[in-house]
>>> print(open('query_30.txt').read())   # compact mmCIF, C-alpha atoms
# COMPACT_ATOMS: atom_id res chain seq x y z
CA MET U 1 -47.93 82.36 -26.91
CA THR U 2 -48.54 82.67 -23.18
CA ALA U 3 -48.11 79.82 -20.77
CA GLY U 4 -51.17 78.34 -19.15
CA PRO U 5 -51.87 78.39 -15.42
CA GLY U 6 -50.09 75.09 -14.78
CA PRO U 7 -49.26 71.61 -16.08
CA ARG U 8 -51.91 70.02 -18.29
CA THR U 9 -52.52 66.43 -19.20
CA ASP U 10 -54.87 64.63 -21.51
CA ALA U 11 -54.69 61.50 -19.37
CA ARG U 12 -57.89 60.23 -17.81
CA ARG U 13 -58.45 57.87 -14.91
CA ARG U 14 -59.29 54.55 -16.53
CA HIS U 15 -59.90 52.39 -13.48
CA ASP U 16 -62.22 52.34 -10.51
CA PRO U 17 -60.09 53.17 -7.45
CA SER U 18 -62.69 51.59 -5.17
CA VAL U 19 -61.93 48.11 -6.56
CA ARG U 20 -59.77 46.18 -4.08
CA GLY U 21 -58.19 42.75 -4.22
CA PHE U 22 -55.82 40.26 -2.64
CA ALA U 23 -54.02 39.02 -5.74
CA SER U 24 -50.65 40.68 -5.20
CA ASP U 25 -48.93 43.50 -3.35
CA ASN U 26 -47.89 44.59 -6.85
CA TYR U 27 -51.50 45.65 -7.45
CA ALA U 28 -51.21 48.51 -4.94
CA GLY U 29 -50.37 52.00 -6.08
CA ALA U 30 -47.47 54.07 -4.79
CA HIS U 31 -47.30 55.42 -1.26
CA PRO U 32 -47.94 59.19 -1.13
CA GLU U 33 -44.50 59.78 0.40
CA ILE U 34 -42.94 58.07 -2.63
CA LEU U 35 -44.91 60.29 -5.00
CA ALA U 36 -43.81 63.37 -3.06
CA ALA U 37 -40.17 62.29 -3.28
CA LEU U 38 -40.46 61.84 -7.05
CA ALA U 39 -41.84 65.35 -7.39
CA LEU U 40 -38.88 66.75 -5.43
CA ALA U 41 -36.41 64.98 -7.72
CA ASN U 42 -38.18 66.05 -10.91
CA GLU U 43 -37.15 69.71 -11.18
CA GLY U 44 -34.13 70.75 -13.20
CA HIS U 45 -31.40 68.57 -14.69
CA GLN U 46 -29.29 65.88 -13.06
CA VAL U 47 -26.48 63.81 -14.52
CA ALA U 48 -27.73 60.56 -16.06
CA TYR U 49 -26.82 56.91 -15.49
CA GLY U 50 -26.37 57.10 -11.72
CA GLU U 51 -24.04 60.10 -11.47
CA ASP U 52 -26.81 62.16 -9.87
CA GLN U 53 -26.99 63.45 -6.31
CA TYR U 54 -29.88 61.19 -5.35
CA THR U 55 -28.03 58.00 -6.23
CA GLU U 56 -24.96 59.30 -4.41
CA HIS U 57 -26.97 60.02 -1.27
CA LEU U 58 -28.71 56.64 -1.51
CA GLN U 59 -25.37 54.97 -0.80
CA ARG U 60 -25.22 56.67 2.61
CA VAL U 61 -28.75 55.51 3.37
CA ILE U 62 -27.82 51.95 2.39
CA HIS U 63 -24.78 52.13 4.71
CA SER U 64 -27.07 52.96 7.63
CA HIS U 65 -28.95 49.70 7.07
CA PHE U 66 -26.29 47.31 5.77
CA GLY U 67 -22.92 48.67 6.87
CA ALA U 68 -20.27 50.96 5.44
CA GLY U 69 -19.04 48.36 2.95
CA ALA U 70 -22.42 47.92 1.22
CA GLU U 71 -23.02 49.33 -2.25
CA ALA U 72 -26.38 49.66 -3.98
CA PHE U 73 -26.93 49.30 -7.73
CA PRO U 74 -30.48 50.49 -8.55
CA VAL U 75 -32.27 48.48 -11.24
CA PHE U 76 -35.71 48.42 -12.84
CA ASN U 77 -37.30 45.25 -11.47
CA GLY U 78 -36.92 42.11 -9.37
CA THR U 79 -36.13 39.73 -12.19
CA GLY U 80 -33.41 42.09 -13.38
CA ALA U 81 -32.02 42.35 -9.86
CA ASN U 82 -31.88 38.58 -9.43
CA VAL U 83 -30.39 37.81 -12.83
CA THR U 84 -27.79 40.56 -12.53
CA ALA U 85 -26.82 39.58 -8.97
CA LEU U 86 -26.52 35.87 -9.77
CA GLN U 87 -24.41 36.54 -12.85
CA ALA U 88 -22.06 38.64 -10.73
CA LEU U 89 -21.65 35.73 -8.29
CA THR U 90 -21.01 32.94 -10.80
CA ASP U 91 -18.64 31.83 -13.53
CA ARG U 92 -19.99 30.75 -16.91
CA TRP U 93 -19.96 27.15 -15.72
CA GLY U 94 -21.56 27.97 -12.38
CA ALA U 95 -24.86 26.81 -10.93
CA VAL U 96 -27.24 28.17 -8.30
CA ILE U 97 -28.84 26.01 -5.62
CA CYS U 98 -32.35 27.17 -4.71
CA ALA U 99 -35.67 25.89 -3.39
CA GLU U 100 -37.93 24.32 -5.98
CA SER U 101 -40.52 26.97 -5.14
CA ALA U 102 -38.05 29.85 -5.54
CA HIS U 103 -39.17 32.79 -7.63
CA ILE U 104 -36.06 32.50 -9.80
CA ASN U 105 -37.14 28.95 -10.68
CA VAL U 106 -40.91 29.30 -10.96
CA ASP U 107 -41.87 32.87 -11.82
CA GLU U 108 -39.19 34.53 -13.91
CA GLY U 109 -39.99 33.04 -17.29
CA GLY U 110 -36.67 31.23 -17.56
CA ALA U 111 -34.75 34.53 -17.38
CA PRO U 112 -31.96 33.17 -15.12
CA GLU U 113 -31.35 30.38 -17.63
CA ARG U 114 -31.95 32.19 -20.93
CA MET U 115 -30.70 35.68 -20.11
CA GLY U 116 -28.20 34.87 -17.38
CA GLY U 117 -26.94 31.56 -18.69
CA LEU U 118 -27.35 30.07 -15.23
CA LYS U 119 -28.07 26.49 -14.24
CA LEU U 120 -30.55 26.23 -11.36
CA LEU U 121 -30.17 23.21 -9.08
CA THR U 122 -33.49 22.96 -7.26
CA VAL U 123 -34.43 21.24 -4.01
CA PRO U 124 -38.00 20.45 -2.88
CA THR U 125 -38.82 21.96 0.51
CA PRO U 126 -41.88 21.55 2.75
CA ASP U 127 -42.16 25.25 3.63
CA GLY U 128 -40.13 27.12 1.01
CA LYS U 129 -37.03 27.23 3.20
CA LEU U 130 -33.65 25.65 2.51
CA THR U 131 -31.52 24.08 5.23
CA PRO U 132 -27.88 22.93 5.18
CA GLU U 133 -29.09 19.35 4.80
CA LEU U 134 -31.33 20.23 1.85
CA ILE U 135 -28.54 22.23 0.23
CA ASP U 136 -26.29 19.17 0.37
CA ARG U 137 -28.64 17.32 -1.98
CA GLN U 138 -27.22 19.51 -4.76
CA ALA U 139 -23.90 20.68 -3.26
CA TRP U 140 -21.56 18.18 -4.86
CA GLY U 141 -19.55 17.49 -8.02
CA TRP U 142 -17.31 20.56 -8.08
CA GLU U 143 -14.57 18.71 -9.96
CA ASP U 144 -16.94 16.88 -12.31
CA GLU U 145 -16.75 18.57 -15.71
CA HIS U 146 -20.02 16.87 -16.70
CA ARG U 147 -21.97 18.80 -14.06
CA ALA U 148 -22.59 22.51 -13.62
CA MET U 149 -20.54 23.68 -10.65
CA PRO U 150 -22.54 24.72 -7.54
CA GLN U 151 -21.27 28.20 -6.73
CA VAL U 152 -24.20 30.04 -5.14
CA VAL U 153 -27.00 29.29 -2.69
CA SER U 154 -30.01 31.57 -3.29
CA ILE U 155 -32.64 31.95 -0.57
CA THR U 156 -35.77 34.11 -0.52
CA GLN U 157 -36.66 36.15 2.57
CA ASN U 158 -39.51 35.97 3.16
CA THR U 159 -40.15 32.88 1.09
CA GLU U 160 -42.58 32.41 -1.77
CA LEU U 161 -44.83 30.49 0.66
CA GLY U 162 -44.97 33.39 3.12
CA THR U 163 -42.66 31.77 5.65
CA VAL U 164 -39.75 33.62 7.24
CA TYR U 165 -36.21 32.41 7.91
CA THR U 166 -34.97 33.16 11.42
CA VAL U 167 -31.64 34.88 11.87
CA GLU U 168 -30.08 31.63 13.04
CA GLU U 169 -31.46 29.68 10.09
CA ILE U 170 -29.81 32.08 7.64
CA ARG U 171 -26.59 32.11 9.66
CA ALA U 172 -26.46 28.29 9.44
CA ILE U 173 -27.02 28.38 5.67
CA VAL U 174 -24.33 31.02 5.12
CA GLU U 175 -21.76 29.23 7.26
CA HIS U 176 -22.50 25.95 5.51
CA ALA U 177 -22.33 27.47 2.02
CA HIS U 178 -19.15 29.42 2.71
CA ALA U 179 -17.48 26.35 4.20
CA LYS U 180 -18.09 24.62 0.86
CA GLY U 181 -16.72 27.55 -1.13
CA MET U 182 -20.13 28.82 -2.23
CA LYS U 183 -21.59 32.32 -1.99
CA VAL U 184 -25.05 33.32 -0.72
CA HIS U 185 -27.61 35.47 -2.50
CA LEU U 186 -30.77 36.65 -0.78
CA ASP U 187 -33.81 37.45 -2.91
CA GLY U 188 -35.37 40.19 -0.81
CA ALA U 189 -38.45 41.04 -2.84
CA ARG U 190 -40.28 41.24 0.51
CA ILE U 191 -37.29 41.71 2.80
CA ALA U 192 -39.08 44.48 4.68
CA ASN U 193 -41.96 42.17 5.59
CA ALA U 194 -39.49 39.62 6.92
CA ALA U 195 -37.71 42.19 9.09
CA ALA U 196 -41.05 43.45 10.40
CA SER U 197 -42.13 39.90 11.20
CA LEU U 198 -38.91 39.08 13.04
CA ASP U 199 -38.79 42.54 14.67
CA VAL U 200 -35.10 42.90 13.84
CA PRO U 201 -33.11 45.26 11.57
CA MET U 202 -32.56 43.99 8.04
CA ARG U 203 -28.83 43.82 8.76
CA ALA U 204 -29.47 41.14 11.40
CA PHE U 205 -30.12 38.46 8.77
CA THR U 206 -28.00 39.86 5.93
CA ASN U 207 -24.56 41.39 6.38
CA ALA U 208 -24.42 40.48 10.10
CA VAL U 209 -24.58 36.77 9.23
CA GLY U 210 -22.45 36.93 6.09
CA VAL U 211 -24.89 37.11 3.15
CA ASP U 212 -22.92 38.24 0.09
CA VAL U 213 -25.51 39.96 -2.12
CA ILE U 214 -29.15 41.05 -1.76
CA SER U 215 -31.80 41.69 -4.37
CA TYR U 216 -33.62 44.47 -2.50
CA GLY U 217 -37.31 44.83 -3.24
CA GLY U 218 -39.08 48.19 -3.20
CA THR U 219 -42.01 47.79 -5.59
CA LYS U 220 -43.99 45.48 -3.31
CA ASN U 221 -43.39 47.86 -0.41
CA GLY U 222 -44.82 51.08 -1.81
CA MET U 223 -42.61 52.17 -4.72
CA ILE U 224 -43.84 52.70 -8.29
CA PHE U 225 -41.01 50.70 -9.78
CA GLY U 226 -37.42 49.86 -8.99
CA GLU U 227 -35.31 47.53 -6.91
CA ALA U 228 -31.59 47.38 -6.13
CA VAL U 229 -28.77 44.88 -6.11
CA ILE U 230 -26.98 45.51 -2.82
CA VAL U 231 -23.46 44.11 -2.68
CA LEU U 232 -22.51 43.35 0.91
CA ASN U 233 -19.30 41.50 0.15
CA PRO U 234 -17.41 43.22 -2.69
CA ASP U 235 -14.97 40.30 -2.90
CA ALA U 236 -17.82 37.98 -3.91
CA VAL U 237 -18.78 39.78 -7.13
CA SER U 238 -17.13 40.99 -10.29
CA HIS U 239 -17.96 43.78 -12.75
CA MET U 240 -21.37 44.70 -11.31
CA LYS U 241 -21.60 47.95 -13.29
CA HIS U 242 -20.88 46.19 -16.56
CA LEU U 243 -23.31 43.37 -15.77
CA ARG U 244 -26.07 45.81 -14.89
CA LYS U 245 -25.70 47.47 -18.29
CA LEU U 246 -25.36 44.15 -20.11
CA SER U 247 -28.53 42.93 -18.35
CA MET U 248 -30.49 45.98 -19.62
CA GLN U 249 -30.98 47.25 -16.05
CA LEU U 250 -29.08 50.56 -16.21
CA ALA U 251 -31.58 53.40 -15.89
CA SER U 252 -30.64 56.60 -17.67
CA LYS U 253 -32.75 58.71 -15.29
CA MET U 254 -31.62 56.70 -12.28
CA ARG U 255 -32.50 59.48 -9.85
CA PHE U 256 -36.14 58.43 -10.12
CA VAL U 257 -35.33 54.95 -8.84
CA SER U 258 -32.85 56.16 -6.23
CA VAL U 259 -35.09 58.82 -4.73
CA GLN U 260 -37.84 56.24 -4.22
CA LEU U 261 -35.43 53.93 -2.40
CA GLU U 262 -34.23 56.88 -0.33
CA ALA U 263 -37.79 57.83 0.63
CA LEU U 264 -38.47 54.23 1.61
CA LEU U 265 -35.28 53.67 3.60
CA ALA U 266 -34.08 57.03 4.96
CA LYS U 267 -36.48 56.84 7.89
CA ASP U 268 -39.07 54.18 8.63
CA LEU U 269 -41.49 54.15 5.69
CA TRP U 270 -40.24 50.69 4.65
CA LEU U 271 -41.03 49.37 8.12
CA ARG U 272 -44.38 51.09 8.54
CA ASN U 273 -45.57 49.74 5.19
CA ALA U 274 -44.38 46.21 5.97
CA GLN U 275 -45.82 46.17 9.49
CA HIS U 276 -49.19 47.26 8.18
CA ALA U 277 -49.27 44.66 5.39
CA ASN U 278 -48.27 41.94 7.86
CA ALA U 279 -50.94 43.04 10.34
CA MET U 280 -53.62 42.87 7.65
CA ALA U 281 -52.51 39.34 6.76
CA GLN U 282 -52.84 38.35 10.42
CA ARG U 283 -56.32 39.86 10.53
CA LEU U 284 -57.24 37.96 7.38
CA ALA U 285 -55.82 34.69 8.68
CA ALA U 286 -57.68 35.02 11.98
CA GLY U 287 -60.95 35.51 10.12
CA VAL U 288 -60.28 32.63 7.72
CA ARG U 289 -59.61 30.24 10.60
CA ALA U 290 -63.15 30.88 11.82
CA VAL U 291 -64.67 29.73 8.51
CA ASP U 292 -65.48 26.01 8.44
CA GLY U 293 -64.17 24.18 5.39
CA VAL U 294 -61.22 26.51 4.68
CA GLU U 295 -57.71 25.30 5.53
CA ILE U 296 -54.69 27.59 5.98
CA LEU U 297 -51.70 25.78 4.48
CA TYR U 298 -48.59 27.49 5.89
CA PRO U 299 -47.72 29.59 8.91
CA VAL U 300 -48.77 33.20 8.28
CA GLN U 301 -45.54 35.02 9.07
CA ALA U 302 -45.51 37.95 6.66
CA ASN U 303 -48.13 39.43 4.31
CA ALA U 304 -49.39 36.27 2.58
CA VAL U 305 -52.12 33.78 3.42
CA PHE U 306 -52.21 30.45 1.58
CA ALA U 307 -55.43 28.47 1.84
CA ARG U 308 -57.32 25.54 0.39
CA LEU U 309 -61.02 25.73 -0.35
CA PRO U 310 -63.52 24.22 -2.80
CA HIS U 311 -62.99 25.16 -6.46
CA GLU U 312 -66.58 26.35 -6.85
CA VAL U 313 -66.16 28.74 -3.94
CA THR U 314 -62.91 30.07 -5.36
CA ARG U 315 -64.46 30.72 -8.76
CA ARG U 316 -67.38 32.62 -7.28
CA LEU U 317 -65.16 34.55 -4.89
CA GLN U 318 -62.85 35.55 -7.74
CA GLU U 319 -65.82 37.27 -9.37
CA ARG U 320 -65.99 39.53 -6.32
CA PHE U 321 -62.29 39.94 -5.44
CA ARG U 322 -59.19 39.43 -7.55
CA PHE U 323 -56.78 36.73 -6.33
CA TYR U 324 -54.92 33.78 -7.81
CA PHE U 325 -54.86 30.03 -7.60
CA TRP U 326 -51.50 28.83 -6.28
CA ASP U 327 -52.12 25.17 -7.18
CA GLU U 328 -55.39 24.88 -9.05
CA ALA U 329 -55.38 21.09 -9.07
CA ALA U 330 -55.24 21.00 -5.27
CA GLY U 331 -57.54 23.98 -4.79
CA ASP U 332 -54.80 26.07 -3.18
CA VAL U 333 -55.02 29.87 -3.37
CA ARG U 334 -52.86 32.79 -2.30
CA TRP U 335 -54.14 36.00 -0.70
CA MET U 336 -51.71 38.92 -0.45
CA CYS U 337 -51.99 42.05 1.66
CA ALA U 338 -50.29 45.34 0.79
CA PHE U 339 -49.31 48.58 2.51
CA ASP U 340 -52.68 50.07 1.51
CA THR U 341 -54.89 47.11 2.48
CA THR U 342 -57.44 48.33 5.01
CA GLU U 343 -59.33 46.59 7.79
CA ASP U 344 -62.51 47.24 5.80
CA ASP U 345 -60.95 45.47 2.79
CA VAL U 346 -60.17 42.43 4.91
CA ASP U 347 -63.56 42.37 6.59
CA ALA U 348 -65.41 42.71 3.27
CA PHE U 349 -63.41 39.83 1.83
CA LEU U 350 -64.07 37.65 4.88
CA GLN U 351 -67.79 38.37 4.65
CA ALA U 352 -67.76 37.37 0.97
CA LEU U 353 -65.84 34.19 1.81
CA LYS U 354 -68.39 33.25 4.47
CA GLU U 355 -71.27 33.89 2.09
CA GLU U 356 -69.76 31.77 -0.67
CA MET U 357 -68.87 28.93 1.70
CA ALA U 358 -72.41 28.98 3.04
CA ARG U 359 -73.69 28.37 -0.51
CA GLN U 360 -71.75 25.11 -0.71
>>> encode(input="query_30.txt", output="structure tokens")
Amino acid sequence: MTAGPGPRTDARRRHDPSVRGFASDNYAGAHPEILAALALANEGHQVAYGEDQYTEHLQRVIHSHFGAGAEAFPVFNGTGANVTALQALTDRWGAVICAESAHINVDEGGAPERMGGLKLLTVPTPDGKLTPELIDRQAWGWEDEHRAMPQVVSITQNTELGTVYTVEEIRAIVEHAHAKGMKVHLDGARIANAAASLDVPMRAFTNAVGVDVISYGGTKNGMIFGEAVIVLNPDAVSHMKHLRKLSMQLASKMRFVSVQLEALLAKDLWLRNAQHANAMAQRLAAGVRAVDGVEILYPVQANAVFARLPHEVTRRLQERFRFYFWDEAAGDVRWMCAFDTTEDDVDAFLQALKEEMARQ
């Protein structure tokens, strides 16, 4: 039997690539540079379970961003990164203080509690951001055996409401938490967007201010799949390798996660993608502000726009573009921009919004 002229596949395109939306940056495909990196890593054999050359080189790339003491543990997804990281920071009786709107509390299906055995101590916030004063609402009772012990403060940068902590705000949180004997975890699902918004290196609000562990997000920034737990303070964690396996986050063909992270971080792809997504959100917000009857709810500081508009308009608009209610009872919606959102996408959406508002 002779070989054919090249690889064959029976797969067929089953979606319309012209359909665009503002539901989530997870809807976007992979950046072409990520796909090219995967192809480079695909030939031949490499040792499994993280003993490959790509995962080894990734550590040097991580050092360039987060310092020589940082160590990356690639994982499959954001929930896995958060649950694994928080388990590594806590004892069995430990608890995690977080904002009420935190992803670990609202959008992970109870995984921190059911899979990680963690108690979440939540605090309502006006803008998704914790402060030392808000943390103190739950930071008490360490010697009370009837209460889960607060051991970790978890913040999200940027937050689930699209707001961004300043460097000084995170520094104040870390100093406050450490002074009380607690550790600090940063959920960085959109860490690149935050750094682009602040126009600072990611280290400026992580290892430089004393954050202990990061859940680093790549999927929302142009990767196909994969995130990483990045340990900045090795003294703060225990048995990360064992916990990653126990949490079902150890990839056998880890090179395919690591090479994506390398492609994102080795130069400036992470920043280019984030800057573009943020710029599209600013373009969208500027257009929305010109539409009577639509209210923007939070400062637009990254790649999300939260707005309030009539239910009837939302329903009709959702027939034309995919996006989600954030709080259906209040009429609040969320519009997300991605690395591949174009100016034409934004302008088409704004035109549709104007048309539907005019029908009211």
>>> closest_residue(input="query_30.txt", among="U:Arg12, U:Asp144, U:Arg320, U:Ile155", to="Glu355 of chain U", atoms="all atoms listed in the file")
U:Arg320
>>> closest_residue(input="query_30.txt", among="U:Val75, U:Gly21, U:Asn42, U:Thr166", to="Asp199 of chain U", atoms="all atoms listed in the file")
U:Thr166
>>> residues_around(input="query_30.txt", residues="Ala37 of chain U", least_positions_apart="2", cutoff="12 Å", atoms="all atoms listed in the file", output="list of chain:residue names")
U:Ala30, U:His31, U:Pro32, U:Glu33, U:Ile34, U:Leu35, U:Ala39, U:Leu40, U:Ala41, U:Asn42, U:Glu43, U:Tyr54, U:Met223, U:Ile224, U:Arg255, U:Phe256, U:Val257, U:Ser258, U:Val259, U:Gln260, U:Leu261, U:Glu262, U:Ala263, U:Leu264, U:Ala266
>>> residues_around(input="query_30.txt", residues="Val83 of chain U", least_positions_apart="4", cutoff="9 Å", atoms="all atoms listed in the file", output="MDAnalysis selection string")
chainID U and resid 78:79 87:88 104 111:113 115:116 118 247
>>> closest_residue(input="query_30.txt", among="U:Trp326, U:Trp142, U:Phe306, U:Phe321", to="Asp345 of chain U", atoms="only C-alpha atoms")
U:Phe321
>>> atom_distance(input="query_30.txt", atom1="atom CA of His15 of chain U", atom2="atom CA of Met357 of chain U")
29.3 Å
>>> residues_near_point(input="query_30.txt", point="(-32.1, 43.2, -3.2)", cutoff="7 Å", atoms="only C-alpha atoms", output="list in words")
Ala81, Asp187, Gly188, Ala189, Ile214, Ser215, Tyr216, Gly217, Glu227, Ala228, Val229 and Ile230 of chain U
>>> residues_around(input="query_30.txt", residues="Asp91 of chain U", least_positions_apart="2", cutoff="10 Å", atoms="all atoms listed in the file", output="PyMOL selection string")
chain U and resi 86-89+93-95+117-118+149+151+238
>>> closest_residue(input="query_30.txt", among="U:Gln46, U:Gln157, U:Gln351, U:Ser64", to="Arg203 of chain U", atoms="all atoms listed in the file")
U:Ser64
>>> decode(input="query_30.txt", residues="segment 213-224 of chain U", atoms="N, CA, C and O atoms", output="PDB file, in the first residue's frame")
ATOM      1  N   VAL U 213       0.620  32.758  44.700  1.00  0.00           N
ATOM      2  CA  VAL U 213       0.325  31.817  43.617  1.00  0.00           C
ATOM      3  C   VAL U 213      -0.620  32.484  42.625  1.00  0.00           C
ATOM      4  O   VAL U 213      -1.531  33.223  43.023  1.00  0.00           O
ATOM      5  N   ILE U 214      -0.418  32.185  41.336  1.00  0.00           N
ATOM      6  CA  ILE U 214      -1.284  32.690  40.268  1.00  0.00           C
ATOM      7  C   ILE U 214      -1.930  31.513  39.548  1.00  0.00           C
ATOM      8  O   ILE U 214      -1.280  30.502  39.282  1.00  0.00           O
ATOM      9  N   SER U 215      -3.203  31.665  39.208  1.00  0.00           N
ATOM     10  CA  SER U 215      -3.813  30.820  38.183  1.00  0.00           C
ATOM     11  C   SER U 215      -3.697  31.604  36.881  1.00  0.00           C
ATOM     12  O   SER U 215      -4.395  32.612  36.700  1.00  0.00           O
ATOM     13  N   TYR U 216      -2.799  31.176  36.000  1.00  0.00           N
ATOM     14  CA  TYR U 216      -2.526  31.945  34.783  1.00  0.00           C
ATOM     15  C   TYR U 216      -3.431  31.486  33.650  1.00  0.00           C
ATOM     16  O   TYR U 216      -3.471  30.304  33.308  1.00  0.00           O
ATOM     17  N   GLY U 217      -4.140  32.434  33.048  1.00  0.00           N
ATOM     18  CA  GLY U 217      -5.099  32.118  32.006  1.00  0.00           C
ATOM     19  C   GLY U 217      -4.547  32.318  30.609  1.00  0.00           C
ATOM     20  O   GLY U 217      -4.052  33.392  30.271  1.00  0.00           O
ATOM     21  N   GLY U 218      -4.648  31.277  29.774  1.00  0.00           N
ATOM     22  CA  GLY U 218      -4.229  31.385  28.384  1.00  0.00           C
ATOM     23  C   GLY U 218      -5.358  31.220  27.389  1.00  0.00           C
ATOM     24  O   GLY U 218      -5.322  31.782  26.296  1.00  0.00           O
ATOM     25  N   THR U 219      -6.401  30.477  27.765  1.00  0.00           N
ATOM     26  CA  THR U 219      -7.472  30.159  26.817  1.00  0.00           C
ATOM     27  C   THR U 219      -8.195  31.410  26.346  1.00  0.00           C
ATOM     28  O   THR U 219      -8.520  31.550  25.163  1.00  0.00           O
ATOM     29  N   LYS U 220      -8.455  32.341  27.247  1.00  0.00           N
ATOM     30  CA  LYS U 220      -9.176  33.560  26.882  1.00  0.00           C
ATOM     31  C   LYS U 220      -8.293  34.540  26.111  1.00  0.00           C
ATOM     32  O   LYS U 220      -8.775  35.571  25.652  1.00  0.00           O
ATOM     33  N   ASN U 221      -7.013  34.217  25.994  1.00  0.00           N
ATOM     34  CA  ASN U 221      -6.060  35.126  25.362  1.00  0.00           C
ATOM     35  C   ASN U 221      -5.441  34.528  24.101  1.00  0.00           C
ATOM     36  O   ASN U 221      -4.358  34.931  23.696  1.00  0.00           O
ATOM     37  N   GLY U 222      -6.125  33.544  23.490  1.00  0.00           N
ATOM     38  CA  GLY U 222      -5.688  33.065  22.193  1.00  0.00           C
ATOM     39  C   GLY U 222      -5.257  31.622  22.110  1.00  0.00           C
ATOM     40  O   GLY U 222      -4.941  31.128  21.014  1.00  0.00           O
ATOM     41  N   MET U 223      -5.213  30.904  23.246  1.00  0.00           N
ATOM     42  CA  MET U 223      -4.853  29.492  23.219  1.00  0.00           C
ATOM     43  C   MET U 223      -6.075  28.628  22.910  1.00  0.00           C
ATOM     44  O   MET U 223      -7.213  29.076  23.060  1.00  0.00           O
ATOM     45  N   ILE U 224      -5.829  27.377  22.510  1.00  0.00           N
ATOM     46  CA  ILE U 224      -6.925  26.432  22.285  1.00  0.00           C
ATOM     47  C   ILE U 224      -7.458  25.947  23.624  1.00  0.00           C
ATOM     48  O   ILE U 224      -8.657  25.923  23.878  1.00  0.00           O
TER      49      ILE U 224
END
